[in-house]
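Here's the structure, in structure tokens; my notes come after.
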Amino acid sequence: MNSRQRAYLKSLASNLSPVFQIGKSTLTPEITEAVRECFNTHELIKITVLNNCTEDPKDIAQVLAERTGSQVVQVIGKKIVLYKEDKKNKKIELPK
């Protein structure tokens, strides 16, 4: 993903509401599976890391991206934005 595509996804994500919240239990297999399933209907998702979570949001974003096959668009504070292209039903057309 190049910087132009990342900027485009960031602009789309600014209007999104967080789909998941990660708390003190950090990344459980259930959360990872829920995020993976969410990519069946959404290509771009936003996740909030709650204040009671002891893990670093950047680390959580990297692990989630690896486990779900997605890409980290951005991590700002306690917000994580992930993108995974849907091969069958593509909704987001990235700039070249």
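Convention: chains lettered A, B, ... in structure tokens order; per-chain residue numbering from 1; ligands numbered from 1 as shown.
Around Ile60 in chain A, within 10 Å and counting only C-alpha atoms, the residues found are Ile22, Thr26, Leu27, Val49, Glu66, Val75 and Ile80 of chain A, once anything fewer than 6 positions away on its own chain is removed.
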Mind writing the picked residues with N, CA and C atoms as a CSV table (one decimal), in the first residue's frame?
chain,number,residue,atom,x,y,z
A,22,ILE,N,-11.2,-3.1,22.6
A,22,ILE,CA,-10.3,-4.0,23.2
A,22,ILE,C,-10.0,-3.5,24.6
A,26,THR,N,-7.1,-7.8,26.5
A,26,THR,CA,-6.3,-7.6,25.2
A,26,THR,C,-6.9,-8.5,24.1
A,27,LEU,N,-6.0,-9.1,23.4
A,27,LEU,CA,-6.5,-9.9,22.2
A,27,LEU,C,-6.8,-11.3,22.6
A,49,VAL,N,-9.0,0.9,21.5
A,49,VAL,CA,-8.3,0.3,22.6
A,49,VAL,C,-8.7,1.1,23.9
A,66,GLU,N,-1.6,-9.4,11.3
A,66,GLU,CA,-1.0,-10.7,11.0
A,66,GLU,C,-2.1,-11.8,11.1
A,75,VAL,N,-2.6,4.0,13.3
A,75,VAL,CA,-2.8,3.9,14.7
A,75,VAL,C,-2.6,5.3,15.3
A,80,ILE,N,-7.4,2.2,16.1
A,80,ILE,CA,-6.7,1.4,15.1
A,80,ILE,C,-7.6,1.3,13.9
- Task: Do a neighbour search on range 17-20 of chain A at 9 Å with only C-alpha atoms, toss out local chain neighbours closer than 4 positions, and write the hits as a PyMOL selection string.
- Result: chain A and resi 13+31+34-35+38+45-49+79-81
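Each of A:Pro29, A:Ala61, A:Asp86, A:Asp56 was compared to Gln74 in chain A using only C-alpha atoms, and A:Ala61 turns out to be the nearest.
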For Glu33 in chain A, the closest of A:Ser11, A:Leu64, A:Cys53, A:Ser3 counting only C-alpha atoms is A:Leu64
Residues near Asn2 in chain A, cut-off 12 Å, only C-alpha atoms, skip fewer than 5 positions along chain, as a PDB file with C-alpha atoms, in the first residue's frame:
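And here's selection32.pdb as it stands now:
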ATOM      1  CA  ALA A   7      -4.163   8.745   2.873  1.00  0.00           C
ATOM      2  CA  TYR A   8      -7.348   7.856   0.998  1.00  0.00           C
ATOM      3  CA  LEU A   9      -8.197   5.115   3.511  1.00  0.00           C
ATOM      4  CA  GLN A  71      -3.123  -4.170   6.710  1.00  0.00           C
ATOM      5  CA  VAL A  73      -3.783   1.846   7.880  1.00  0.00           C
ATOM      6  CA  LEU A  94      -8.015   2.539  -4.064  1.00  0.00           C
ATOM      7  CA  PRO A  95      -6.232   5.232  -6.087  1.00  0.00           C
ATOM      8  CA  LYS A  96      -3.250   4.056  -8.105  1.00  0.00           C
TER       9      LYS A  96
END
query = Lys24 in chain A: which residues within 9 Å, counting only C-alpha atoms, same-chain residues fewer than 6 positions away excluded, as a ChimeraX atom specification?
reply = /A:50-55
Could you find all residues in range 4-67 of chain A that DSSP calls helix (DSSP H, G or I) from the backbone, and write them as a PyMOL selection string? chain A and resi 4-13+29-38+57-67
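Within the 12 Å cut-off around Lys90 in chain A, using only C-alpha atoms and omitting residues fewer than 3 positions from it on the same chain, the listed residues are Phe39, Asn40, Thr41, His42, Glu43, Leu44, Tyr83, Lys84, Glu85, Asp86, Lys87, Glu93 and Leu94 of chain A.
CA of Lys88 in chain A is found 24.3 Å from CA of Asn15 in chain A.
Within range 2-93 of chain A, DSSP applied to the backbone places the following residues in strand (DSSP E or B): Phe20, Gln21, Ile22, Leu44, Ile45, Lys46, Ile47, Thr48, Val49, Gln71, Val72, Val73, Gln74, Val75, Ile76, Lys79, Ile80, Val81, Leu82 and Tyr83 of chain A.
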Writing out the chosen residues with C-alpha atoms as a PDB file, in the first residue's frame:
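What ended up in part-v4.pdb:
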ATOM      1  CA  PHE A  20     -14.772  -3.236  18.396  1.00  0.00           C
ATOM      2  CA  GLN A  21     -13.331  -2.269  21.760  1.00  0.00           C
ATOM      3  CA  ILE A  22     -10.315  -4.020  23.205  1.00  0.00           C
ATOM      4  CA  LEU A  44     -12.206  -0.931   6.458  1.00  0.00           C
ATOM      5  CA  ILE A  45     -12.748  -1.142  10.206  1.00  0.00           C
ATOM      6  CA  LYS A  46     -11.916   1.005  13.202  1.00  0.00           C
ATOM      7  CA  ILE A  47     -11.114  -0.441  16.627  1.00  0.00           C
ATOM      8  CA  THR A  48     -10.814   1.347  19.957  1.00  0.00           C
ATOM      9  CA  VAL A  49      -8.325   0.266  22.625  1.00  0.00           C
ATOM     10  CA  GLN A  71      -3.123  -4.170   6.710  1.00  0.00           C
ATOM     11  CA  VAL A  72      -2.672  -1.478   9.338  1.00  0.00           C
ATOM     12  CA  VAL A  73      -3.783   1.846   7.880  1.00  0.00           C
ATOM     13  CA  GLN A  74      -3.080   3.924  10.972  1.00  0.00           C
ATOM     14  CA  VAL A  75      -2.830   3.910  14.735  1.00  0.00           C
ATOM     15  CA  ILE A  76      -3.639   7.235  16.354  1.00  0.00           C
ATOM     16  CA  LYS A  79      -7.688   4.064  17.646  1.00  0.00           C
ATOM     17  CA  ILE A  80      -6.676   1.388  15.149  1.00  0.00           C
ATOM     18  CA  VAL A  81      -7.754   1.342  11.496  1.00  0.00           C
ATOM     19  CA  LEU A  82      -7.370  -1.895   9.521  1.00  0.00           C
ATOM     20  CA  TYR A  83      -7.999  -2.584   5.825  1.00  0.00           C
TER      21      TYR A  83
END
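Here CA of Thr28 in chain A and CA of Leu16 in chain A stand 23.5 Å from one another.
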From CA of Glu30 in chain A to CA of Met1 in chain A the spacing works out at 28.0 Å
